[in-house]
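Text of work_6.cif, listed as mmCIF, C-alpha atoms, pLDDT in the B column; chains and numbers go by the auth columns:
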```cif
data_protein
loop_
_atom_site.group_PDB
_atom_site.id
_atom_site.type_symbol
_atom_site.label_atom_id
_atom_site.label_comp_id
_atom_site.label_asym_id
_atom_site.label_seq_id
_atom_site.Cartn_x
_atom_site.Cartn_y
_atom_site.Cartn_z
_atom_site.B_iso_or_equiv
_atom_site.auth_seq_id
_atom_site.auth_asym_id
ATOM 1 C CA MET A 1 0.000 0.000 0.000 34.00 1 A
ATOM 2 C CA THR A 2 1.030 3.600 -0.435 33.00 2 A
ATOM 3 C CA ILE A 3 0.999 5.299 2.955 33.00 3 A
ATOM 4 C CA ARG A 4 0.301 8.969 2.591 38.00 4 A
ATOM 5 C CA SER A 5 1.881 11.820 4.488 39.00 5 A
ATOM 6 C CA ILE A 6 -0.003 13.574 7.250 39.00 6 A
ATOM 7 C CA VAL A 7 2.436 16.421 7.523 41.00 7 A
ATOM 8 C CA PRO A 8 -0.287 18.797 6.230 40.00 8 A
ATOM 9 C CA LEU A 9 -2.299 17.766 9.295 38.00 9 A
ATOM 10 C CA LEU A 10 0.544 18.810 11.537 38.00 10 A
ATOM 11 C CA ALA A 11 1.615 21.903 9.674 37.00 11 A
ATOM 12 C CA THR A 12 -1.822 23.436 9.037 35.00 12 A
ATOM 13 C CA LEU A 13 -2.079 25.638 12.107 29.00 13 A
ATOM 14 C CA ALA A 14 -4.518 28.221 13.411 30.00 14 A
ATOM 15 C CA VAL A 15 -1.994 30.453 15.126 28.00 15 A
ATOM 16 C CA GLY A 16 -4.254 33.363 16.027 29.00 16 A
ATOM 17 C CA VAL A 17 -7.851 32.164 16.128 25.00 17 A
ATOM 18 C CA ALA A 18 -9.166 28.605 15.909 32.00 18 A
ATOM 19 C CA ALA A 19 -12.648 27.531 14.907 33.00 19 A
ATOM 20 C CA CYS A 20 -15.397 27.021 17.462 32.00 20 A
ATOM 21 C CA THR A 21 -15.569 23.800 19.406 33.00 21 A
ATOM 22 C CA GLY A 22 -18.011 20.951 18.962 39.00 22 A
ATOM 23 C CA ARG A 23 -18.133 17.204 18.716 37.00 23 A
ATOM 24 C CA GLY A 24 -16.440 17.525 15.339 42.00 24 A
ATOM 25 C CA GLY A 25 -13.128 18.089 17.076 44.00 25 A
ATOM 26 C CA THR A 26 -12.194 21.659 16.096 40.00 26 A
ATOM 27 C CA GLN A 27 -10.651 23.458 19.010 44.00 27 A
ATOM 28 C CA LYS A 28 -11.112 26.753 20.826 41.00 28 A
ATOM 29 C CA PRO A 29 -8.432 29.418 20.722 41.00 29 A
ATOM 30 C CA THR A 30 -5.992 28.446 23.459 48.00 30 A
ATOM 31 C CA GLY A 31 -3.004 30.710 22.931 52.00 31 A
ATOM 32 C CA ARG A 32 -0.833 27.674 22.297 73.00 32 A
ATOM 33 C CA ALA A 33 2.113 28.143 19.980 83.00 33 A
ATOM 34 C CA ALA A 34 2.486 26.944 16.406 83.00 34 A
ATOM 35 C CA LEU A 35 3.818 23.436 15.920 83.00 35 A
ATOM 36 C CA PRO A 36 7.638 23.409 15.726 85.00 36 A
ATOM 37 C CA ALA A 37 8.880 22.673 12.224 86.00 37 A
ATOM 38 C CA ASP A 38 11.123 19.864 13.438 87.00 38 A
ATOM 39 C CA VAL A 39 8.117 17.934 14.778 87.00 39 A
ATOM 40 C CA ALA A 40 6.267 18.224 11.465 85.00 40 A
ATOM 41 C CA LEU A 41 9.431 17.189 9.601 89.00 41 A
ATOM 42 C CA ALA A 42 10.006 14.226 11.914 92.00 42 A
ATOM 43 C CA GLU A 43 6.444 12.953 11.488 88.00 43 A
ATOM 44 C CA GLY A 44 6.796 13.140 7.731 88.00 44 A
ATOM 45 C CA LEU A 45 10.025 11.168 7.919 94.00 45 A
ATOM 46 C CA ALA A 46 8.457 8.518 10.177 94.00 46 A
ATOM 47 C CA GLU A 47 5.694 7.979 7.655 91.00 47 A
ATOM 48 C CA ASP A 48 8.017 8.066 4.648 95.00 48 A
ATOM 49 C CA ILE A 49 10.135 5.393 6.335 97.00 49 A
ATOM 50 C CA GLN A 50 7.045 3.188 6.453 95.00 50 A
ATOM 51 C CA THR A 51 6.469 3.723 2.738 93.00 51 A
ATOM 52 C CA ASP A 52 10.063 2.676 2.041 97.00 52 A
ATOM 53 C CA LEU A 53 9.925 -0.324 4.355 96.00 53 A
ATOM 54 C CA ASP A 54 6.688 -1.581 2.871 93.00 54 A
ATOM 55 C CA THR A 55 8.452 -1.934 -0.490 94.00 55 A
ATOM 56 C CA LEU A 56 11.763 -3.152 1.002 96.00 56 A
ATOM 57 C CA GLY A 57 13.509 0.132 0.248 97.00 57 A
ATOM 58 C CA TRP A 58 16.135 -0.385 2.918 97.00 58 A
ATOM 59 C CA THR A 59 18.630 2.196 1.693 97.00 59 A
ATOM 60 C CA ALA A 60 16.002 4.918 1.497 98.00 60 A
ATOM 61 C CA ALA A 61 14.660 3.932 4.920 97.00 61 A
ATOM 62 C CA ARG A 62 18.150 4.150 6.454 97.00 62 A
ATOM 63 C CA ASP A 63 18.711 7.567 4.911 97.00 63 A
ATOM 64 C CA LYS A 64 15.440 8.886 6.333 96.00 64 A
ATOM 65 C CA LEU A 65 16.211 7.316 9.702 96.00 65 A
ATOM 66 C CA ALA A 66 19.490 9.263 9.774 95.00 66 A
ATOM 67 C CA GLN A 67 17.550 12.470 9.111 94.00 67 A
ATOM 68 C CA LEU A 68 15.081 11.559 11.820 93.00 68 A
ATOM 69 C CA GLN A 69 17.895 10.885 14.278 92.00 69 A
ATOM 70 C CA ALA A 70 19.389 14.279 13.468 90.00 70 A
ATOM 71 C CA SER A 71 16.121 16.081 14.240 84.00 71 A
ATOM 72 C CA SER A 72 15.352 17.464 17.671 69.00 72 A
ATOM 73 C CA ALA A 73 11.822 16.141 17.862 72.00 73 A
ATOM 74 C CA GLY A 74 12.526 14.263 21.094 73.00 74 A
ATOM 75 C CA VAL A 75 11.396 10.703 20.357 84.00 75 A
ATOM 76 C CA LYS A 76 13.336 7.512 20.979 86.00 76 A
ATOM 77 C CA LEU A 77 14.429 5.615 17.884 95.00 77 A
ATOM 78 C CA ASP A 78 16.513 2.735 19.278 93.00 78 A
ATOM 79 C CA SER A 79 14.050 -0.020 18.363 94.00 79 A
ATOM 80 C CA LEU A 80 13.416 1.373 14.902 96.00 80 A
ATOM 81 C CA ALA A 81 17.140 1.714 14.207 96.00 81 A
ATOM 82 C CA ALA A 82 17.829 -1.847 15.369 97.00 82 A
ATOM 83 C CA GLN A 83 15.011 -3.313 13.284 97.00 83 A
ATOM 84 C CA ILE A 84 16.076 -1.464 10.162 97.00 84 A
ATOM 85 C CA GLY A 85 19.644 -2.600 10.831 96.00 85 A
ATOM 86 C CA ARG A 86 18.627 -6.250 10.813 96.00 86 A
ATOM 87 C CA ARG A 87 16.067 -5.762 8.015 97.00 87 A
ATOM 88 C CA ASP A 88 13.099 -6.714 10.152 97.00 88 A
ATOM 89 C CA ARG A 89 10.472 -5.231 7.846 97.00 89 A
ATOM 90 C CA LEU A 90 7.347 -5.799 9.925 97.00 90 A
ATOM 91 C CA GLY A 91 8.993 -4.918 13.222 97.00 91 A
ATOM 92 C CA ALA A 92 10.390 -1.725 11.721 98.00 92 A
ATOM 93 C CA LEU A 93 6.991 -0.808 10.266 98.00 93 A
ATOM 94 C CA GLN A 94 5.385 -1.181 13.665 97.00 94 A
ATOM 95 C CA SER A 95 8.138 0.818 15.377 97.00 95 A
ATOM 96 C CA ALA A 96 7.906 3.628 12.840 97.00 96 A
ATOM 97 C CA ASN A 97 4.159 3.761 13.402 97.00 97 A
ATOM 98 C CA VAL A 98 4.792 4.052 17.149 96.00 98 A
ATOM 99 C CA VAL A 99 7.061 7.015 16.374 96.00 99 A
ATOM 100 C CA SER A 100 4.250 8.589 14.328 95.00 100 A
ATOM 101 C CA ARG A 101 1.883 8.129 17.263 96.00 101 A
ATOM 102 C CA ALA A 102 4.361 9.731 19.663 94.00 102 A
ATOM 103 C CA LEU A 103 4.820 12.718 17.376 93.00 103 A
ATOM 104 C CA LEU A 104 1.061 13.175 17.084 94.00 104 A
ATOM 105 C CA ALA A 105 0.885 13.197 20.883 94.00 105 A
ATOM 106 C CA ILE A 106 3.352 16.082 20.796 92.00 106 A
ATOM 107 C CA ALA A 107 1.304 17.816 18.081 90.00 107 A
ATOM 108 C CA ALA A 108 -1.801 17.601 20.267 91.00 108 A
ATOM 109 C CA ASP A 109 -0.269 20.225 22.555 91.00 109 A
ATOM 110 C CA TYR A 110 -0.441 22.786 19.744 88.00 110 A
ATOM 111 C CA THR A 111 -3.354 24.494 18.006 81.00 111 A
ATOM 112 C CA LEU A 112 -4.209 22.639 14.797 84.00 112 A
ATOM 113 C CA THR A 113 -6.796 23.385 12.158 84.00 113 A
ATOM 114 C CA VAL A 114 -7.327 19.657 11.524 88.00 114 A
ATOM 115 C CA PRO A 115 -8.014 17.672 14.723 92.00 115 A
ATOM 116 C CA VAL A 116 -5.214 15.363 15.785 94.00 116 A
ATOM 117 C CA GLU A 117 -7.746 12.511 15.736 96.00 117 A
ATOM 118 C CA VAL A 118 -7.525 12.556 11.948 96.00 118 A
ATOM 119 C CA GLY A 119 -3.813 11.798 12.109 94.00 119 A
ATOM 120 C CA LEU A 120 -4.480 9.068 14.650 97.00 120 A
ATOM 121 C CA LEU A 121 -6.949 7.495 12.212 97.00 121 A
ATOM 122 C CA ASP A 122 -3.965 7.026 9.892 96.00 122 A
ATOM 123 C CA VAL A 123 -1.884 5.496 12.669 97.00 123 A
ATOM 124 C CA ALA A 124 -4.657 3.129 13.760 98.00 124 A
ATOM 125 C CA GLY A 125 -5.369 2.067 10.184 98.00 125 A
ATOM 126 C CA ARG A 126 -1.741 1.208 9.586 97.00 126 A
ATOM 127 C CA ASP A 127 -1.627 -0.571 12.933 98.00 127 A
ATOM 128 C CA ALA A 128 -4.532 -2.772 11.835 98.00 128 A
ATOM 129 C CA ILE A 129 -2.588 -3.767 8.714 98.00 129 A
ATOM 130 C CA TYR A 130 0.635 -4.506 10.576 98.00 130 A
ATOM 131 C CA ARG A 131 -1.054 -6.432 13.392 98.00 131 A
ATOM 132 C CA ALA A 132 -3.017 -8.533 10.919 98.00 132 A
ATOM 133 C CA GLU A 133 0.116 -9.299 8.911 98.00 133 A
ATOM 134 C CA ALA A 134 1.830 -10.403 12.118 98.00 134 A
ATOM 135 C CA GLY A 135 -1.134 -12.584 13.082 98.00 135 A
ATOM 136 C CA GLU A 136 -1.679 -10.448 16.183 98.00 136 A
ATOM 137 C CA TRP A 137 -5.451 -10.557 15.981 98.00 137 A
ATOM 138 C CA PRO A 138 -6.275 -9.079 19.410 98.00 138 A
ATOM 139 C CA GLY A 139 -4.057 -6.141 18.457 98.00 139 A
ATOM 140 C CA ALA A 140 -5.792 -5.842 15.097 98.00 140 A
ATOM 141 C CA ALA A 141 -9.162 -5.823 16.856 98.00 141 A
ATOM 142 C CA ALA A 142 -7.869 -3.113 19.203 98.00 142 A
ATOM 143 C CA ALA A 143 -6.839 -1.064 16.170 98.00 143 A
ATOM 144 C CA VAL A 144 -10.372 -1.342 14.776 98.00 144 A
ATOM 145 C CA ALA A 145 -11.752 -0.214 18.132 98.00 145 A
ATOM 146 C CA GLU A 146 -9.411 2.761 18.063 98.00 146 A
ATOM 147 C CA LEU A 147 -10.497 3.618 14.536 98.00 147 A
ATOM 148 C CA ARG A 148 -14.119 3.656 15.676 98.00 148 A
ATOM 149 C CA ALA A 149 -13.311 5.865 18.669 98.00 149 A
ATOM 150 C CA ARG A 150 -11.163 8.303 16.690 98.00 150 A
ATOM 151 C CA TYR A 151 -13.766 8.564 13.954 98.00 151 A
ATOM 152 C CA ALA A 152 -16.517 9.191 16.501 98.00 152 A
ATOM 153 C CA ALA A 153 -14.662 12.363 17.506 97.00 153 A
ATOM 154 C CA VAL A 154 -14.862 13.812 13.992 97.00 154 A
ATOM 155 C CA GLN A 155 -17.926 12.042 12.574 98.00 155 A
ATOM 156 C CA PRO A 156 -20.430 14.873 13.175 98.00 156 A
ATOM 157 C CA HIS A 157 -18.192 17.251 11.226 98.00 157 A
ATOM 158 C CA VAL A 158 -17.700 14.760 8.379 98.00 158 A
ATOM 159 C CA ALA A 159 -21.408 13.940 8.209 98.00 159 A
ATOM 160 C CA ALA A 160 -22.227 17.640 7.915 98.00 160 A
ATOM 161 C CA LYS A 161 -19.575 18.305 5.274 97.00 161 A
ATOM 162 C CA ASP A 162 -19.807 15.124 3.195 98.00 162 A
ATOM 163 C CA PRO A 163 -22.590 12.652 4.059 98.00 163 A
ATOM 164 C CA ALA A 164 -21.482 10.220 1.343 98.00 164 A
ATOM 165 C CA LEU A 165 -17.977 10.103 2.806 98.00 165 A
ATOM 166 C CA ASP A 166 -19.397 9.522 6.264 98.00 166 A
ATOM 167 C CA GLY A 167 -21.479 6.606 5.006 98.00 167 A
ATOM 168 C CA ARG A 168 -18.578 5.097 3.101 98.00 168 A
ATOM 169 C CA PHE A 169 -16.258 5.410 6.094 98.00 169 A
ATOM 170 C CA ALA A 170 -18.788 3.666 8.332 97.00 170 A
ATOM 171 C CA ARG A 171 -19.187 0.833 5.821 98.00 171 A
ATOM 172 C CA ARG A 172 -15.443 0.357 5.517 98.00 172 A
ATOM 173 C CA LEU A 173 -15.057 0.280 9.275 98.00 173 A
ATOM 174 C CA ALA A 174 -17.646 -2.513 9.400 98.00 174 A
ATOM 175 C CA GLU A 175 -15.879 -4.371 6.582 98.00 175 A
ATOM 176 C CA LEU A 176 -12.564 -4.029 8.391 98.00 176 A
ATOM 177 C CA ALA A 177 -14.056 -5.388 11.596 98.00 177 A
ATOM 178 C CA ASP A 178 -15.396 -8.373 9.647 98.00 178 A
ATOM 179 C CA ALA A 179 -12.006 -8.981 8.015 98.00 179 A
ATOM 180 C CA VAL A 180 -10.297 -8.959 11.399 98.00 180 A
ATOM 181 C CA LYS A 181 -12.942 -11.280 12.839 98.00 181 A
ATOM 182 C CA ALA A 182 -12.331 -13.646 9.905 98.00 182 A
ATOM 183 C CA ARG A 183 -8.561 -13.367 10.444 98.00 183 A
ATOM 184 C CA ASN A 184 -8.055 -12.540 6.788 98.00 184 A
ATOM 185 C CA ALA A 185 -4.859 -10.475 6.629 98.00 185 A
ATOM 186 C CA ALA A 186 -5.078 -9.846 2.877 98.00 186 A
ATOM 187 C CA ARG A 187 -8.620 -8.542 3.233 98.00 187 A
ATOM 188 C CA VAL A 188 -7.588 -6.375 6.188 98.00 188 A
ATOM 189 C CA ARG A 189 -4.903 -4.738 4.054 98.00 189 A
ATOM 190 C CA THR A 190 -7.293 -4.127 1.158 98.00 190 A
ATOM 191 C CA VAL A 191 -10.057 -2.614 3.279 98.00 191 A
ATOM 192 C CA ALA A 192 -7.699 -0.617 5.496 98.00 192 A
ATOM 193 C CA THR A 193 -5.979 0.818 2.427 96.00 193 A
ATOM 194 C CA GLY A 194 -9.326 2.146 1.213 97.00 194 A
ATOM 195 C CA LEU A 195 -10.047 3.475 4.679 97.00 195 A
ATOM 196 C CA LEU A 196 -6.713 5.303 4.748 95.00 196 A
ATOM 197 C CA ASP A 197 -7.545 6.855 1.382 96.00 197 A
ATOM 198 C CA ASP A 198 -10.745 8.140 2.959 97.00 198 A
ATOM 199 C CA VAL A 199 -8.769 9.623 5.860 96.00 199 A
ATOM 200 C CA ASP A 200 -7.150 11.911 3.287 94.00 200 A
ATOM 201 C CA VAL A 201 -10.609 12.988 2.166 97.00 201 A
ATOM 202 C CA VAL A 202 -11.673 13.572 5.787 97.00 202 A
ATOM 203 C CA GLU A 203 -8.654 15.819 6.251 95.00 203 A
ATOM 204 C CA ARG A 204 -9.650 17.914 3.248 96.00 204 A
ATOM 205 C CA THR A 205 -13.050 18.675 4.800 96.00 205 A
ATOM 206 C CA TYR A 206 -11.352 20.955 7.328 94.00 206 A
#
```
So that I can check it, write out the structure of this file as structure tokens.
Amino acid sequence: MTIRSIVPLLATLAVGVAACTGRGGTQKPTGRAALPADVALAEGLAEDIQTDLDTLGWTAARDKLAQLQASSAGVKLDSLAAQIGRRDRLGALQSANVVSRALLAIAADYTLTVPVEVGLLDVAGRDAIYRAEAGEWPGAAAAVAELRARYAAVQPHVAAKDPALDGRFARRLAELADAVKARNAARVRTVATGLLDDVDVVERTY
């Protein structure tokens, strides 16, 4: 699958005034600072590493890891570095996704135009794929549960902006849950890939 960047999620900032609050996840003005550029850069690198790893692009992944290590984003990379070093594709994918999650946790402390839950939908969707590939079915089920919870935070906004997208997202979530229940890793990847494509569309509604 092609894993898309969510740097626009992190870099699109409401520095002065944010939109009104609501169940859709947009946030009140808080006076919080703009997201540091190194955090946005690091998150982009963490996701790009996953794209490289998924296609066995070890050299490219190592180069991006070096850039990530040189950043000052403040996340630990020991496991990711070790797994890339021994060419543990699936382990490295999971570790890079953990890095993405950690960076989104940092981003949550800043004022964002797009709710951080949208970025976490990406992380949870990828986690479902990786857990299914590893045969870690309780973890895959937990990823589906997280997808449902994260989507619930933004669903009223999506339903208001694009009802067809909201319906499609709900159907794909149900299909993904069924694929996990059936322990069909190939089906999980197919459905989750479509779901991740829809996350991009959700982001563009903000």
Computed interatomic separation between CA of Arg168 (chain A) and CA of Ala186 (chain A) (Å):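 Going from CA of Arg168 (chain A) over to CA of Ala186 (chain A), I get 20.1 Å.
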Evaluate the PyMOL selection byres ((chain A and resi 130-147) around 10) and report residues as a ChimeraX atom specification: /A:90-91,93-94,97,117-118,120-129,148-152,173-174,176-189,192,195
Given all atoms listed in the file as the counted atoms, nearest of A:Glu47, A:Asp162, A:Asp54, A:Glu203 to Thr113 (chain A): A:Glu203
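The coordinates place CA of Ala42 (chain A) at 13.3 Å from CA of Ala61 (chain A).
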For Leu104 (chain A): contacts at 8 Å, only C-alpha atoms, fewer than 5 positions along chain excluded, given as a list of chain:residue names: A:Leu10, A:Glu43, A:Val116, A:Gly119, A:Leu120
Could you put an axis-aligned box around every listed atom of region 98-114 of chain A, padded by 3 Å on each side, and send me its centre and edge lengths in Å to one decimal, as JSON?
```
{"center_x": -0.1, "center_y": 14.3, "center_z": 17.0, "size_x": 20.4, "size_y": 26.4, "size_z": 17.0}
```
